[in-house]
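K.L.:
Got a structure for you, questions after.
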Amino acid sequence: MINSASLSEITVLHSKLFQRFPELRFGFSTKKGGVSHIPYGLNLSYMVGDDPNNVDQNRERFFGKLEIPLDKLAIPKQFHGDFIKVIHSPGIYDLCDALITQTPGVFLCVSTADCLPIFLFDPVTKTIATVHAGWRGTKLKIVEKTVKRMIKEFHINPGDLFAFIGPSAGVCCYEVGNEVAREFDQRYSVRYSTKKPHLNLKLFTKIQLIDAGLRDKNIEMSEYCTICTPSLFYSFRREKLNSGRMMGVIGIDGGV
Ligand SMILES: [Zn+2]
């Protein structure tokens with residue numbers, strides 16, 4: 001049983017846009033408030049060397065704070081591709097980086113350290129989606145493809161969609177090799193000096209959303225860069241194999 005004192009230690013990030021919708025449950029975790037030993041904190045992944053019993057407790061804390069039962073979660077086994085799954089029930093979903101549902105009571109998750117977590121909500125048809133995108137997924141335009149899949153499957157109007165792009169590697173810190181930078185249009189690749197280029201994956205993601213038909217005013221982008229905000233976030237770039245993972249979750253009450 002979790003006491004309310006421990007729950008109050010947890011810092012959960014919210015979205016200004018999503019807070020307009022009382023039917024929507026959304027939150028994004030930080031490092032703060034977990035039971036794991038340093039450097040893991042509130043790590044929510046079983047795949048990064050943390051004690052699984054502690055991860056269990058961390059998940060109970062984070063999802064408990066949001067009042068989301070663990071058996072209502074839909075968790076993708078992410079692999080940096082562009083496979084998108086339309087689902088109707090909670091569970092673990094193999095080999096996909098985006099989930100879409102219209103089923104109330106199914107809470108879609110995404111797990112990240114520096115990669116981009118993207119959350120989509122259509123208040124008209126009550127359709128939601130989560131997307132995980134590193135540089136490979138961003139190059140594959142998985143975000144744009146997810147919106148197109150929502151249109152195809154559920155006949156949503158992209159002009160009705162709201163999007164939140166969560167904390168992730170910012171252009172300030174996301175240095176890449178020339179061979180990676182060359183994979184992207186020049187407008188997403190910045191050189192601050194004669195050193196290696198930096199990629200602006202957040203901007204490319206936003207442009208994909210606009211290209212898919214979203215309105216600029218319906219897109220919210222977190223200002224946080226995971227690499228240069230060590231007090232709040234894990235960063236694979238900064239912490240390598242000892243990096244924990246944050247999770248974001250979105251869902252609509254009711255149903256299953
Ligand atoms: Zn930064």
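Identifiers for the structure tokens are assigned positionally: chains receive A, B, ... in sequence, residues are indexed from 1 per chain, and ligands are indexed from 1 in the order shown.
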Using 9 Å as the limit and counting only C-alpha atoms and all ligand atoms, can you tabulate each residue of chain A that touches ligand 1, with its shortest atom-to-atom distance in Å and the two atoms involved, as CSV?

P.N.:
residue,atom,partner,partner_atom_place_in_ligand_line,distance
A:Ser168,CA,ligand 1,1 (Zn),8.8
A:Ala169,CA,ligand 1,1 (Zn),6.4
A:Gly170,CA,ligand 1,1 (Zn),4.9
A:Val171,CA,ligand 1,1 (Zn),6.6
A:Cys172,CA,ligand 1,1 (Zn),4.3
A:Cys173,CA,ligand 1,1 (Zn),4.2
A:Tyr174,CA,ligand 1,1 (Zn),7.1
A:Tyr224,CA,ligand 1,1 (Zn),7.7
A:Cys225,CA,ligand 1,1 (Zn),4.6
A:Thr226,CA,ligand 1,1 (Zn),6.6
A:Ile227,CA,ligand 1,1 (Zn),5.1
A:Cys228,CA,ligand 1,1 (Zn),4.2
A:Thr229,CA,ligand 1,1 (Zn),7.1

K.L.:
Within 7 Å of Leu44 (chain A), counting only C-alpha atoms, which residues show up once you throw out same-chain ones fewer than 4 positions away? Write them as an mmCIF file with N, CA and C atoms, in the first residue's frame, please.

P.N.:
data_model
loop_
_atom_site.group_PDB
_atom_site.id
_atom_site.type_symbol
_atom_site.label_atom_id
_atom_site.label_comp_id
_atom_site.auth_asym_id
_atom_site.auth_seq_id
_atom_site.Cartn_x
_atom_site.Cartn_y
_atom_site.Cartn_z
ATOM 1 N N VAL A 55 11.361 -1.277 -9.569
ATOM 2 C CA VAL A 55 10.612 -0.768 -10.727
ATOM 3 C C VAL A 55 9.112 -0.993 -10.505
ATOM 4 N N ASN A 58 8.049 1.696 -8.258
ATOM 5 C CA ASN A 58 8.046 2.982 -8.958
ATOM 6 C C ASN A 58 6.819 3.122 -9.865
ATOM 7 N N ARG A 59 6.496 2.023 -10.562
ATOM 8 C CA ARG A 59 5.309 2.067 -11.432
ATOM 9 C C ARG A 59 4.043 2.253 -10.610
ATOM 10 N N ARG A 245 14.561 5.298 -17.298
ATOM 11 C CA ARG A 245 13.598 5.740 -18.311
ATOM 12 C C ARG A 245 12.409 6.432 -17.641
ATOM 13 N N MET A 246 11.961 7.531 -18.271
ATOM 14 C CA MET A 246 10.701 8.130 -17.886
ATOM 15 C C MET A 246 9.591 7.428 -18.676
ATOM 16 N N MET A 247 8.368 7.625 -18.229
ATOM 17 C CA MET A 247 7.224 7.180 -19.023
ATOM 18 C C MET A 247 6.183 8.290 -19.084
#

K.L.:
Taking the backbone alone, and naming residues the way the document does, which bits of region 97-246 of chain A are helix (DSSP H, G or I) by DSSP, as number ranges by chain?

P.N.:
A: 135-139, 142-154, 158-160, 178-181, 186-188, 201-211, 216-218, 236-242

K.L.:
For C-alpha atoms, I'd like the residues from the last selection saved as a short mmCIF file (atom, residue, chain, number, x, y, z; two decimals), in the first residue's frame.

P.N.:
data_model
loop_
_atom_site.label_atom_id
_atom_site.label_comp_id
_atom_site.auth_asym_id
_atom_site.auth_seq_id
_atom_site.Cartn_x
_atom_site.Cartn_y
_atom_site.Cartn_z
CA TRP A 135 16.45 10.09 -34.89
CA ARG A 136 15.61 6.96 -36.87
CA GLY A 137 11.87 7.15 -36.15
CA THR A 138 11.87 10.88 -36.84
CA LYS A 139 13.62 10.32 -40.17
CA ILE A 142 6.56 7.98 -37.72
CA VAL A 143 4.62 10.92 -36.26
CA GLU A 144 3.18 11.95 -39.61
CA LYS A 145 2.40 8.29 -40.39
CA THR A 146 0.59 7.91 -37.07
CA VAL A 147 -1.70 10.86 -37.82
CA LYS A 148 -2.40 9.41 -41.28
CA ARG A 149 -3.25 6.06 -39.70
CA MET A 150 -5.66 7.80 -37.30
CA ILE A 151 -7.35 9.41 -40.30
CA LYS A 152 -7.56 6.07 -42.15
CA GLU A 153 -8.81 3.97 -39.24
CA PHE A 154 -11.01 6.41 -37.37
CA PRO A 158 -6.31 16.33 -38.19
CA GLY A 159 -7.44 19.92 -37.65
CA ASP A 160 -9.16 18.69 -34.48
CA ASN A 178 28.05 14.05 -39.98
CA GLU A 179 26.74 10.76 -41.36
CA VAL A 180 23.55 11.10 -39.25
CA ALA A 181 23.13 14.83 -39.96
CA GLN A 186 19.60 21.12 -43.60
CA ARG A 187 16.99 23.12 -41.71
CA TYR A 188 17.03 20.48 -38.94
CA LEU A 201 14.31 16.63 -33.90
CA LYS A 202 11.63 18.56 -32.01
CA LEU A 203 11.31 21.02 -34.88
CA PHE A 204 11.17 18.23 -37.47
CA THR A 205 8.45 16.51 -35.41
CA LYS A 206 6.42 19.70 -35.22
CA ILE A 207 6.74 20.20 -38.99
CA GLN A 208 5.53 16.62 -39.54
CA LEU A 209 2.46 17.37 -37.41
CA ILE A 210 1.76 20.57 -39.37
CA ASP A 211 2.26 18.68 -42.67
CA ASP A 216 0.09 25.27 -34.93
CA LYS A 217 -1.90 26.42 -31.90
CA ASN A 218 -2.87 22.80 -31.10
CA PHE A 236 20.86 7.98 -22.38
CA ARG A 237 23.36 10.36 -23.94
CA ARG A 238 24.50 11.58 -20.52
CA GLU A 239 24.20 8.41 -18.43
CA LYS A 240 24.78 5.68 -21.02
CA LEU A 241 23.79 2.18 -19.89
CA ASN A 242 22.88 3.32 -16.37
#

K.L.:
Quick one: residues within 7 Å of Gly166 (chain A), only C-alpha atoms counted, chain neighbours fewer than 2 positions away excluded, as a PyMOL selection string?

P.N.:
chain A and resi 116-118+164+168+221-222

K.L.:
Using C-alpha atoms, can you export the residues from the last selection as a PDB file, in the first residue's frame?

P.N.:
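Output file result_25.pdb follows:
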ATOM      1  CA  LEU A 116      10.874  12.127 -28.351  1.00  0.00           C
ATOM      2  CA  PRO A 117       7.633  11.052 -26.657  1.00  0.00           C
ATOM      3  CA  ILE A 118       4.643  12.370 -28.607  1.00  0.00           C
ATOM      4  CA  PHE A 164       2.148  17.294 -26.877  1.00  0.00           C
ATOM      5  CA  SER A 168      13.617  15.017 -25.057  1.00  0.00           C
ATOM      6  CA  MET A 221       6.280  21.373 -27.192  1.00  0.00           C
ATOM      7  CA  SER A 222       8.051  20.850 -23.873  1.00  0.00           C
TER       8      SER A 222
END

K.L.:
Would you mind listing, for every residue of region 85-111 of chain A within 12 Å of region 18-25 of chain A, the two atoms forming the shortest contact and the distance between them in Å to one decimal, using only C-alpha atoms, sorted by chain and ascending residue number, as a tab-separated table?

P.N.:
residue	atom	partner	partner_atom	distance
A:Pro104	CA	A:Glu23	CA	9.9
A:Gly105	CA	A:Arg25	CA	9.9
A:Val106	CA	A:Arg25	CA	10.6
A:Phe107	CA	A:Arg25	CA	8.4
A:Leu108	CA	A:Arg25	CA	10.3
A:Cys109	CA	A:Arg25	CA	11.7

K.L.:
Could you write those residues out with C-alpha atoms, as a compact mmCIF listing (two decimals), in the first residue's frame?

P.N.:
# COMPACT_ATOMS: atom_id res chain seq x y z
CA PRO A 104 -11.87 4.15 -23.23
CA GLY A 105 -9.97 2.70 -20.26
CA VAL A 106 -6.90 1.75 -22.32
CA PHE A 107 -3.97 3.90 -21.23
CA LEU A 108 -1.23 4.21 -23.85
CA CYS A 109 2.38 4.47 -22.65

K.L.:
Just the number, please: distance in Å from CA of Thr130 (chain A) to CA of Gln78 (chain A), one decimal.

P.N.:
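Result for CA of Thr130 (chain A) versus CA of Gln78 (chain A): 11.4 Å, one decimal.
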
K.L.:
Point out the residue among A:Leu17, A:Leu232, A:Ile250, A:Ile68 with the least atom-to-atom distance to Ile219 (chain A), counting only C-alpha atoms.

P.N.:
A:Leu17

K.L.:
Between A:Phe121, A:Gly41, A:Gly251, A:Lys126, which is the closest to Ser89 (chain A) once you count only C-alpha atoms?

P.N.:
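Distance minimum relative to Ser89 (chain A) lands on A:Gly251.
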
K.L.:
Name the residues in contact with Ile75 (chain A) at a cut-off of 9 Å, using only C-alpha atoms, excluding same-chain residues fewer than 5 positions from it; report them as a list in words.

P.N.:
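Contacts, in chain order: Pro90, Gly91, Ile92, Tyr93, Asp94, Leu99, Phe107, Leu108, Cys109, Val110 and Ser111 of chain A.
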
K.L.:
Between A:Ile87, A:Met47, A:Leu13, A:Ala113, single out the one closest to Phe233 (chain A), counting only C-alpha atoms.

P.N.:
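Of A:Ile87, A:Met47, A:Leu13, A:Ala113, the one nearest Phe233 (chain A) is A:Ala113, counting only C-alpha atoms.
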
K.L.:
Select from region 96-199 of chain A everything DSSP, run on the backbone, classes as strand (DSSP E), then give the selection as a PyMOL selection string.

P.N.:
chain A and resi 98-101+107-112+116-122+127-133+162-165+189-190+198-199

K.L.:
Set the distance at 10 Å and use only C-alpha atoms: which residues neighbour region 37-39 of chain A once local chain neighbours fewer than 3 positions away are removed? I'd like the list as a PyMOL selection string.

P.N.:
chain A and resi 31+34+42-43+50-51+54+234+239+242-244

K.L.:
Using only C-alpha atoms, find the one residue out of A:Phe26, A:Leu161, A:Ser15, A:Thr101 that sits nearest to Glu67 (chain A).

P.N.:
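Going through A:Phe26, A:Leu161, A:Ser15, A:Thr101 one by one, the smallest distance to Glu67 (chain A) is for A:Phe26.
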
K.L.:
Show me, as JSON, numbers by chain, the residues that have an atom within 10 Å of Leu140 (chain A) when counting only C-alpha atoms, minus same-chain residues fewer than 5 positions from it.

P.N.:
{"A": [80, 81, 82, 133, 134, 135, 145]}

K.L.:
Using the selection just defined, write its residues with N, CA and C atoms as a PDB file, in the first residue's frame.

P.N.:
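The result, written out as selection.pdb:
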ATOM      1  N   HIS A  80      12.684   1.560 -32.433  1.00  0.00           N
ATOM      2  CA  HIS A  80      13.226   2.576 -33.348  1.00  0.00           C
ATOM      3  C   HIS A  80      12.831   2.329 -34.793  1.00  0.00           C
ATOM      4  N   GLY A  81      11.619   1.802 -34.992  1.00  0.00           N
ATOM      5  CA  GLY A  81      11.114   1.631 -36.356  1.00  0.00           C
ATOM      6  C   GLY A  81       9.939   2.551 -36.605  1.00  0.00           C
ATOM      7  N   ASP A  82       9.072   2.159 -37.553  1.00  0.00           N
ATOM      8  CA  ASP A  82       7.883   2.971 -37.813  1.00  0.00           C
ATOM      9  C   ASP A  82       6.619   2.121 -37.850  1.00  0.00           C
ATOM     10  N   ALA A 133       9.969   8.351 -30.783  1.00  0.00           N
ATOM     11  CA  ALA A 133      10.766   8.663 -31.970  1.00  0.00           C
ATOM     12  C   ALA A 133      12.152   9.156 -31.590  1.00  0.00           C
ATOM     13  N   GLY A 134      13.159   8.375 -31.913  1.00  0.00           N
ATOM     14  CA  GLY A 134      14.538   8.852 -31.861  1.00  0.00           C
ATOM     15  C   GLY A 134      14.869   9.426 -33.240  1.00  0.00           C
ATOM     16  N   TRP A 135      16.159   9.497 -33.582  1.00  0.00           N
ATOM     17  CA  TRP A 135      16.452  10.086 -34.892  1.00  0.00           C
ATOM     18  C   TRP A 135      15.984   9.181 -36.027  1.00  0.00           C
ATOM     19  N   LYS A 145       3.066   9.554 -40.033  1.00  0.00           N
ATOM     20  CA  LYS A 145       2.398   8.292 -40.392  1.00  0.00           C
ATOM     21  C   LYS A 145       1.325   7.916 -39.369  1.00  0.00           C
TER      22      LYS A 145
END

K.L.:
Let me make sure I understand: among A:Ser6, A:Thr103, A:Asn157, A:Ser29, which one has the smallest atom-to-atom distance to Asp122 (chain A) if we use only C-alpha atoms?

P.N.:
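Counting only C-alpha atoms, the residue closest to Asp122 (chain A) is A:Asn157.
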
K.L.:
Which one is closest to Gly254 (chain A): A:Pro197, A:Pro230, A:Pro76, A:Pro69? Count only C-alpha atoms.

P.N.:
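The answer is A:Pro69, which sits nearest to Gly254 (chain A).
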
K.L.:
To one decimal in Å, tell me the separation between CA of Val86 (chain A) and CA of Leu73 (chain A).

P.N.:
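According to the coordinates, CA of Val86 (chain A) and CA of Leu73 (chain A) are separated by 14.3 Å.
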